[in-house]
Amino acid sequence: GENVEQHPSTLSVQEGDSAVIKCTYSDSASNYFPWYKQELGKGPQLIIDIRSNVGEKKDQRIAVTLNKTAKHFSLHITETQPEDSAVYFCAASKSQSGGYNKLIFGAGTRLAVHP
Amino acid sequence: ETGVTQTPRHLVMGMTNKKSLKCEQHLGHNAMYWYKQSAKKPLELMFVYNFKEQTENNSVPSRFSPECPNSSHLFLHLHTLQPEDSALYLCASSQDGVATNEKLFFGSGTQLSVL
């Protein structure tokens, strides 16, 4: 079945620096790649997603890139701020016959942004 | 507030107890999910309900019993749990149970401790 590897497990940056989190997936049929942010005491919240027909997507300070050949995708956060501190999860899924979204998640990256 | 409400937020139970987790979504979605989140592990999909019908049971032990009386409510009934079942249990929903790769909206979870 699908497997998603995420690195690094922890990341510490200074405010204003950039942060990059990388994920690889195993199933070449995967076609949807979301990123979730989980703050303390809350559930994961979708921050950006990309589909397999797109190589890059940007939303203000965050961007995601996808390399289908290498089966990896990355989250880029620029000009980091203390409120970016959280656990970030990547995920991958493919179309299911039942029509629902069966996401396979990475193990998460704990990002700490220091003032 | 994501529109997905889980109760209780915290639960401590003994191995012989019976308890239930409740999830309610106010988003008009048709698919609902239970995920298990353990420390330093990827989110694990447990169950999926699509238009009130169970479409996925990810090899979950029978001591976990889901119930979906309607598209807005989802329960997870617990009985004779083991200490290794201690984790954060997350409920999620997605809009269209027919289309795939829909965005998941998570609740804040129930932190379960089994003594």
# chains A, B, ... in the order shown; residues from 1 in each chain; ligands from 1
>>> residues_around(residues="Ser59 in chain B", least_positions_apart="2", cutoff="12 Å", atoms="only C-alpha atoms", output="short mmCIF file (atom, residue, chain, number, x, y, z; two decimals) with N, CA and C atoms, in the first residue's frame")
data_model
loop_
_atom_site.label_atom_id
_atom_site.label_comp_id
_atom_site.auth_asym_id
_atom_site.auth_seq_id
_atom_site.Cartn_x
_atom_site.Cartn_y
_atom_site.Cartn_z
N GLU B 44 -3.51 7.53 11.60
CA GLU B 44 -3.97 6.25 11.08
C GLU B 44 -5.47 6.32 10.82
N LEU B 45 -5.86 6.04 9.58
CA LEU B 45 -7.28 6.00 9.26
C LEU B 45 -7.90 4.76 9.89
N MET B 46 -9.01 4.95 10.59
CA MET B 46 -9.70 3.82 11.21
C MET B 46 -10.95 3.44 10.42
N PHE B 47 -11.85 4.39 10.28
CA PHE B 47 -13.14 4.12 9.63
C PHE B 47 -13.52 5.28 8.74
N GLU B 56 -15.02 1.93 4.79
CA GLU B 56 -13.64 1.55 5.10
C GLU B 56 -13.55 1.14 6.55
N ASN B 57 -12.95 -0.01 6.77
CA ASN B 57 -12.59 -0.45 8.11
C ASN B 57 -11.15 -0.89 7.99
N PRO B 61 -9.39 -3.27 15.50
CA PRO B 61 -9.90 -4.29 16.42
C PRO B 61 -11.36 -4.05 16.78
N SER B 62 -12.06 -5.14 17.06
CA SER B 62 -13.50 -5.06 17.32
C SER B 62 -13.83 -4.33 18.61
N ARG B 63 -12.86 -4.04 19.46
CA ARG B 63 -13.14 -3.27 20.67
C ARG B 63 -13.46 -1.80 20.34
N PHE B 64 -13.25 -1.41 19.08
CA PHE B 64 -13.68 -0.12 18.57
C PHE B 64 -14.88 -0.36 17.65
N SER B 65 -16.00 0.27 17.95
CA SER B 65 -17.21 0.06 17.19
C SER B 65 -17.79 1.40 16.75
#
>>> closest_atom_pairs(of="chain B", to="chain A", cutoff="10 Å", atoms="only C-alpha atoms", output="CSV")
residue,atom,partner,partner_atom,distance
B:Glu1,CA,A:Lys42,CA,9.5
B:Thr2,CA,A:Gln45,CA,8.2
B:Val4,CA,A:Gly43,CA,9.7
B:Arg9,CA,A:Gly41,CA,9.4
B:Asn30,CA,A:Tyr100,CA,9.5
B:Ala31,CA,A:Tyr100,CA,7.0
B:Met32,CA,A:Tyr100,CA,9.2
B:Tyr33,CA,A:Lys102,CA,9.5
B:Gln37,CA,A:Ala107,CA,9.8
B:Ser38,CA,A:Ala107,CA,9.7
B:Ala39,CA,A:Ala107,CA,9.1
B:Lys40,CA,A:Ala107,CA,6.2
B:Lys41,CA,A:Ala107,CA,4.9
B:Pro42,CA,A:Ala107,CA,4.0
B:Leu43,CA,A:Phe105,CA,5.9
B:Glu44,CA,A:Phe105,CA,7.7
B:Leu45,CA,A:Lys102,CA,7.8
B:Val48,CA,A:Tyr100,CA,8.0
B:Tyr49,CA,A:Tyr100,CA,8.7
B:Asn50,CA,A:Tyr100,CA,7.0
B:Thr55,CA,A:Gly98,CA,6.8
B:Glu56,CA,A:Gly98,CA,9.0
B:Leu88,CA,A:Gly43,CA,9.5
B:Tyr89,CA,A:Gly43,CA,9.6
B:Leu90,CA,A:Gly43,CA,7.0
B:Cys91,CA,A:Gly43,CA,8.7
B:Ala92,CA,A:Gly43,CA,9.0
B:Ser93,CA,A:Asn101,CA,9.7
B:Ser94,CA,A:Asn101,CA,7.9
B:Gln95,CA,A:Tyr100,CA,9.5
B:Asp96,CA,A:Tyr100,CA,7.9
B:Gly97,CA,A:Tyr100,CA,5.5
B:Val98,CA,A:Gly99,CA,4.6
B:Ala99,CA,A:Gly99,CA,5.3
B:Thr100,CA,A:Gly99,CA,5.0
B:Asn101,CA,A:Asn101,CA,5.0
B:Glu102,CA,A:Asn101,CA,6.1
B:Lys103,CA,A:Leu46,CA,7.4
B:Leu104,CA,A:Leu46,CA,7.4
B:Phe105,CA,A:Gln45,CA,6.8
B:Phe106,CA,A:Gly43,CA,5.5
B:Gly107,CA,A:Gly43,CA,5.4
B:Ser108,CA,A:Gly43,CA,4.2
B:Gly109,CA,A:Gly43,CA,6.2
B:Thr110,CA,A:Gly43,CA,9.8
B:Gln111,CA,A:Gly41,CA,9.5
>>> write_last_selection(atoms="N, CA and C atoms", output="short mmCIF file (atom, residue, chain, number, x, y, z; two decimals), in the first residue's frame")
data_model
loop_
_atom_site.label_atom_id
_atom_site.label_comp_id
_atom_site.auth_asym_id
_atom_site.auth_seq_id
_atom_site.Cartn_x
_atom_site.Cartn_y
_atom_site.Cartn_z
N GLU B 1 -12.39 27.57 14.62
CA GLU B 1 -13.55 26.66 14.59
C GLU B 1 -13.71 26.08 13.18
N THR B 2 -13.62 24.77 13.07
CA THR B 2 -13.66 24.16 11.75
C THR B 2 -15.04 23.68 11.38
N VAL B 4 -16.41 21.13 12.96
CA VAL B 4 -16.46 19.74 13.41
C VAL B 4 -16.20 19.73 14.92
N ARG B 9 -13.41 16.24 25.20
CA ARG B 9 -12.05 16.62 24.79
C ARG B 9 -11.02 15.70 25.43
N ASN B 30 -20.92 14.95 3.55
CA ASN B 30 -21.51 13.62 3.41
C ASN B 30 -20.59 12.48 3.83
N ALA B 31 -19.33 12.76 4.03
CA ALA B 31 -18.38 11.71 4.43
C ALA B 31 -17.77 12.08 5.78
N MET B 32 -17.63 11.08 6.67
CA MET B 32 -17.04 11.30 7.98
C MET B 32 -16.02 10.20 8.27
N TYR B 33 -15.00 10.57 9.04
CA TYR B 33 -13.84 9.70 9.24
C TYR B 33 -13.44 9.67 10.71
N GLN B 37 -4.37 9.23 16.31
CA GLN B 37 -3.09 9.92 16.29
C GLN B 37 -2.28 9.56 17.53
N SER B 38 -1.22 8.79 17.33
CA SER B 38 -0.31 8.43 18.42
C SER B 38 0.96 9.26 18.29
N ALA B 39 1.67 9.41 19.39
CA ALA B 39 2.86 10.23 19.40
C ALA B 39 3.89 9.72 18.39
N LYS B 40 4.42 10.66 17.59
CA LYS B 40 5.49 10.39 16.64
C LYS B 40 5.13 9.34 15.59
N LYS B 41 3.86 9.18 15.34
CA LYS B 41 3.40 8.24 14.29
C LYS B 41 2.47 8.97 13.34
N PRO B 42 2.37 8.51 12.11
CA PRO B 42 1.41 9.12 11.19
C PRO B 42 -0.02 8.92 11.66
N LEU B 43 -0.89 9.82 11.26
CA LEU B 43 -2.31 9.64 11.52
C LEU B 43 -2.76 8.34 10.85
N GLU B 44 -3.51 7.53 11.60
CA GLU B 44 -3.97 6.25 11.08
C GLU B 44 -5.47 6.32 10.82
N LEU B 45 -5.86 6.04 9.58
CA LEU B 45 -7.28 6.00 9.26
C LEU B 45 -7.90 4.76 9.89
N VAL B 48 -14.29 4.95 7.69
CA VAL B 48 -14.87 5.97 6.82
C VAL B 48 -16.34 5.66 6.63
N TYR B 49 -17.17 6.69 6.76
CA TYR B 49 -18.57 6.57 6.44
C TYR B 49 -18.88 7.55 5.30
N ASN B 50 -19.54 7.04 4.29
CA ASN B 50 -19.90 7.83 3.12
C ASN B 50 -21.41 7.74 2.96
N THR B 55 -17.63 2.54 4.52
CA THR B 55 -16.93 2.16 3.30
C THR B 55 -15.49 1.75 3.56
N GLU B 56 -15.02 1.93 4.79
CA GLU B 56 -13.64 1.55 5.10
C GLU B 56 -13.55 1.14 6.55
N LEU B 88 -4.80 10.29 20.66
CA LEU B 88 -5.75 11.34 20.29
C LEU B 88 -6.61 10.79 19.15
N TYR B 89 -7.92 10.79 19.34
CA TYR B 89 -8.82 10.29 18.31
C TYR B 89 -9.47 11.49 17.62
N LEU B 90 -9.25 11.56 16.31
CA LEU B 90 -9.70 12.69 15.53
C LEU B 90 -10.83 12.29 14.61
N CYS B 91 -11.82 13.14 14.56
CA CYS B 91 -12.92 12.99 13.62
C CYS B 91 -12.71 14.00 12.49
N ALA B 92 -13.11 13.63 11.30
CA ALA B 92 -13.00 14.55 10.17
C ALA B 92 -14.20 14.36 9.26
N SER B 93 -14.45 15.36 8.43
CA SER B 93 -15.51 15.24 7.44
C SER B 93 -15.03 15.84 6.12
N SER B 94 -15.67 15.42 5.04
CA SER B 94 -15.40 16.02 3.73
C SER B 94 -16.73 16.21 3.02
N GLN B 95 -16.71 17.16 2.09
CA GLN B 95 -17.96 17.68 1.56
C GLN B 95 -18.76 16.67 0.73
N ASP B 96 -18.10 16.16 -0.27
CA ASP B 96 -18.86 15.43 -1.28
C ASP B 96 -18.43 13.98 -1.25
N GLY B 97 -19.29 13.11 -0.80
CA GLY B 97 -18.95 11.70 -0.69
C GLY B 97 -18.80 11.01 -2.03
N VAL B 98 -19.12 11.69 -3.10
CA VAL B 98 -19.02 11.08 -4.42
C VAL B 98 -17.69 11.44 -5.07
N ALA B 99 -17.33 12.70 -5.03
CA ALA B 99 -16.06 13.12 -5.63
C ALA B 99 -14.90 12.70 -4.74
N THR B 100 -13.76 12.55 -5.29
CA THR B 100 -12.58 12.14 -4.53
C THR B 100 -11.67 13.33 -4.29
N ASN B 101 -10.72 13.10 -3.42
CA ASN B 101 -9.72 14.11 -3.11
C ASN B 101 -10.32 15.39 -2.57
N GLU B 102 -11.35 15.26 -1.78
CA GLU B 102 -11.93 16.43 -1.15
C GLU B 102 -11.16 16.80 0.10
N LYS B 103 -11.23 18.07 0.47
CA LYS B 103 -10.52 18.54 1.65
C LYS B 103 -11.16 17.97 2.90
N LEU B 104 -10.32 17.56 3.83
CA LEU B 104 -10.79 17.06 5.11
C LEU B 104 -10.80 18.19 6.14
N PHE B 105 -11.86 18.22 6.92
CA PHE B 105 -11.97 19.18 8.01
C PHE B 105 -11.96 18.36 9.31
N PHE B 106 -10.99 18.65 10.17
CA PHE B 106 -10.82 17.88 11.40
C PHE B 106 -11.43 18.60 12.60
N GLY B 107 -11.89 17.80 13.56
CA GLY B 107 -12.22 18.32 14.86
C GLY B 107 -10.96 18.43 15.71
N SER B 108 -11.12 18.88 16.95
CA SER B 108 -9.96 19.06 17.83
C SER B 108 -9.52 17.77 18.52
N GLY B 109 -10.35 16.73 18.41
CA GLY B 109 -9.94 15.44 18.93
C GLY B 109 -10.37 15.16 20.36
N THR B 110 -10.36 13.89 20.70
CA THR B 110 -10.55 13.43 22.08
C THR B 110 -9.26 12.76 22.51
N GLN B 111 -8.64 13.28 23.56
CA GLN B 111 -7.42 12.68 24.11
C GLN B 111 -7.83 11.56 25.06
#
>>> residues_around(residues="Leu76 in chain B", least_positions_apart="2", cutoff="7 Å", atoms="only C-alpha atoms", output="MDAnalysis selection string")
chainID B and resid 20:22 64:67 74 78
>>> write_last_selection(atoms="all heavy atoms", output="PDB file, in the first residue's frame")
ATOM      1  N   SER B  20     -18.135   6.196  24.934  1.00  0.00           N
ATOM      2  CA  SER B  20     -18.356   6.570  23.528  1.00  0.00           C
ATOM      3  C   SER B  20     -17.797   7.949  23.249  1.00  0.00           C
ATOM      4  O   SER B  20     -17.909   8.861  24.078  1.00  0.00           O
ATOM      5  CB  SER B  20     -19.855   6.551  23.213  1.00  0.00           C
ATOM      6  OG  SER B  20     -20.380   5.246  23.316  1.00  0.00           O
ATOM      7  N   LEU B  21     -17.210   8.092  22.070  1.00  0.00           N
ATOM      8  CA  LEU B  21     -16.768   9.393  21.575  1.00  0.00           C
ATOM      9  C   LEU B  21     -17.803   9.882  20.570  1.00  0.00           C
ATOM     10  O   LEU B  21     -18.345   9.094  19.796  1.00  0.00           O
ATOM     11  CB  LEU B  21     -15.403   9.276  20.893  1.00  0.00           C
ATOM     12  CG  LEU B  21     -14.298   8.566  21.650  1.00  0.00           C
ATOM     13  CD1 LEU B  21     -12.983   8.650  20.863  1.00  0.00           C
ATOM     14  CD2 LEU B  21     -14.133   9.113  23.041  1.00  0.00           C
ATOM     15  N   LYS B  22     -18.036  11.189  20.618  1.00  0.00           N
ATOM     16  CA  LYS B  22     -19.040  11.768  19.739  1.00  0.00           C
ATOM     17  C   LYS B  22     -18.421  12.812  18.819  1.00  0.00           C
ATOM     18  O   LYS B  22     -17.535  13.568  19.222  1.00  0.00           O
ATOM     19  CB  LYS B  22     -20.153  12.428  20.563  1.00  0.00           C
ATOM     20  CG  LYS B  22     -21.249  13.075  19.722  1.00  0.00           C
ATOM     21  CD  LYS B  22     -22.290  13.755  20.612  1.00  0.00           C
ATOM     22  CE  LYS B  22     -23.340  14.481  19.785  1.00  0.00           C
ATOM     23  NZ  LYS B  22     -24.339  15.159  20.642  1.00  0.00           N
ATOM     24  N   PHE B  64     -13.249  -1.414  19.076  1.00  0.00           N
ATOM     25  CA  PHE B  64     -13.682  -0.118  18.565  1.00  0.00           C
ATOM     26  C   PHE B  64     -14.882  -0.358  17.655  1.00  0.00           C
ATOM     27  O   PHE B  64     -14.759  -1.086  16.660  1.00  0.00           O
ATOM     28  CB  PHE B  64     -12.572   0.571  17.767  1.00  0.00           C
ATOM     29  CG  PHE B  64     -11.371   0.936  18.575  1.00  0.00           C
ATOM     30  CD1 PHE B  64     -10.313   0.048  18.702  1.00  0.00           C
ATOM     31  CD2 PHE B  64     -11.285   2.167  19.207  1.00  0.00           C
ATOM     32  CE1 PHE B  64      -9.190   0.377  19.465  1.00  0.00           C
ATOM     33  CE2 PHE B  64     -10.177   2.518  19.954  1.00  0.00           C
ATOM     34  CZ  PHE B  64      -9.127   1.627  20.086  1.00  0.00           C
ATOM     35  N   SER B  65     -15.998   0.274  17.950  1.00  0.00           N
ATOM     36  CA  SER B  65     -17.213   0.057  17.186  1.00  0.00           C
ATOM     37  C   SER B  65     -17.790   1.403  16.746  1.00  0.00           C
ATOM     38  O   SER B  65     -18.260   2.176  17.573  1.00  0.00           O
ATOM     39  CB  SER B  65     -18.236  -0.697  18.030  1.00  0.00           C
ATOM     40  OG  SER B  65     -19.445  -0.840  17.334  1.00  0.00           O
ATOM     41  N   PRO B  66     -17.763   1.710  15.443  1.00  0.00           N
ATOM     42  CA  PRO B  66     -18.287   2.992  14.981  1.00  0.00           C
ATOM     43  C   PRO B  66     -19.790   2.923  14.732  1.00  0.00           C
ATOM     44  O   PRO B  66     -20.361   1.852  14.531  1.00  0.00           O
ATOM     45  CB  PRO B  66     -17.545   3.201  13.663  1.00  0.00           C
ATOM     46  CG  PRO B  66     -17.346   1.810  13.136  1.00  0.00           C
ATOM     47  CD  PRO B  66     -17.165   0.933  14.344  1.00  0.00           C
ATOM     48  N   GLU B  67     -20.390   4.111  14.777  1.00  0.00           N
ATOM     49  CA  GLU B  67     -21.811   4.229  14.472  1.00  0.00           C
ATOM     50  C   GLU B  67     -22.052   5.565  13.796  1.00  0.00           C
ATOM     51  O   GLU B  67     -21.548   6.598  14.254  1.00  0.00           O
ATOM     52  CB  GLU B  67     -22.654   4.143  15.753  1.00  0.00           C
ATOM     53  CG  GLU B  67     -24.154   4.298  15.513  1.00  0.00           C
ATOM     54  CD  GLU B  67     -24.949   4.432  16.802  1.00  0.00           C
ATOM     55  OE1 GLU B  67     -24.327   4.420  17.892  1.00  0.00           O
ATOM     56  OE2 GLU B  67     -26.172   4.579  16.722  1.00  0.00           O
ATOM     57  N   LEU B  74     -21.292  11.131  14.129  1.00  0.00           N
ATOM     58  CA  LEU B  74     -20.453   9.929  14.098  1.00  0.00           C
ATOM     59  C   LEU B  74     -20.038   9.608  15.518  1.00  0.00           C
ATOM     60  O   LEU B  74     -19.658  10.499  16.275  1.00  0.00           O
ATOM     61  CB  LEU B  74     -19.208  10.176  13.233  1.00  0.00           C
ATOM     62  CG  LEU B  74     -18.277   8.992  12.979  1.00  0.00           C
ATOM     63  CD1 LEU B  74     -18.983   7.900  12.180  1.00  0.00           C
ATOM     64  CD2 LEU B  74     -17.028   9.457  12.249  1.00  0.00           C
ATOM     65  N   LEU B  78     -16.365   2.434  22.604  1.00  0.00           N
ATOM     66  CA  LEU B  78     -15.139   1.818  23.100  1.00  0.00           C
ATOM     67  C   LEU B  78     -15.463   0.819  24.204  1.00  0.00           C
ATOM     68  O   LEU B  78     -16.249   1.130  25.100  1.00  0.00           O
ATOM     69  CB  LEU B  78     -14.208   2.896  23.660  1.00  0.00           C
ATOM     70  CG  LEU B  78     -14.045   4.178  22.829  1.00  0.00           C
ATOM     71  CD1 LEU B  78     -13.266   5.224  23.631  1.00  0.00           C
ATOM     72  CD2 LEU B  78     -13.370   3.872  21.515  1.00  0.00           C
TER      73      LEU B  78
END
>>> residues_around(residues="range 54-70 of chain A", least_positions_apart="6", cutoff="12 Å", atoms="only C-alpha atoms", output="PyMOL selection string")
chain A and resi 16-37+47-48+76-81+84+90+92
>>> select_by_dssp(residues="chain A", states="strand (DSSP E or B)", output="number ranges by chain")
A: 4-7, 10-14, 19-25, 32-38, 45-51, 56-59, 62-67, 72-77, 86-93, 104-105, 109-114
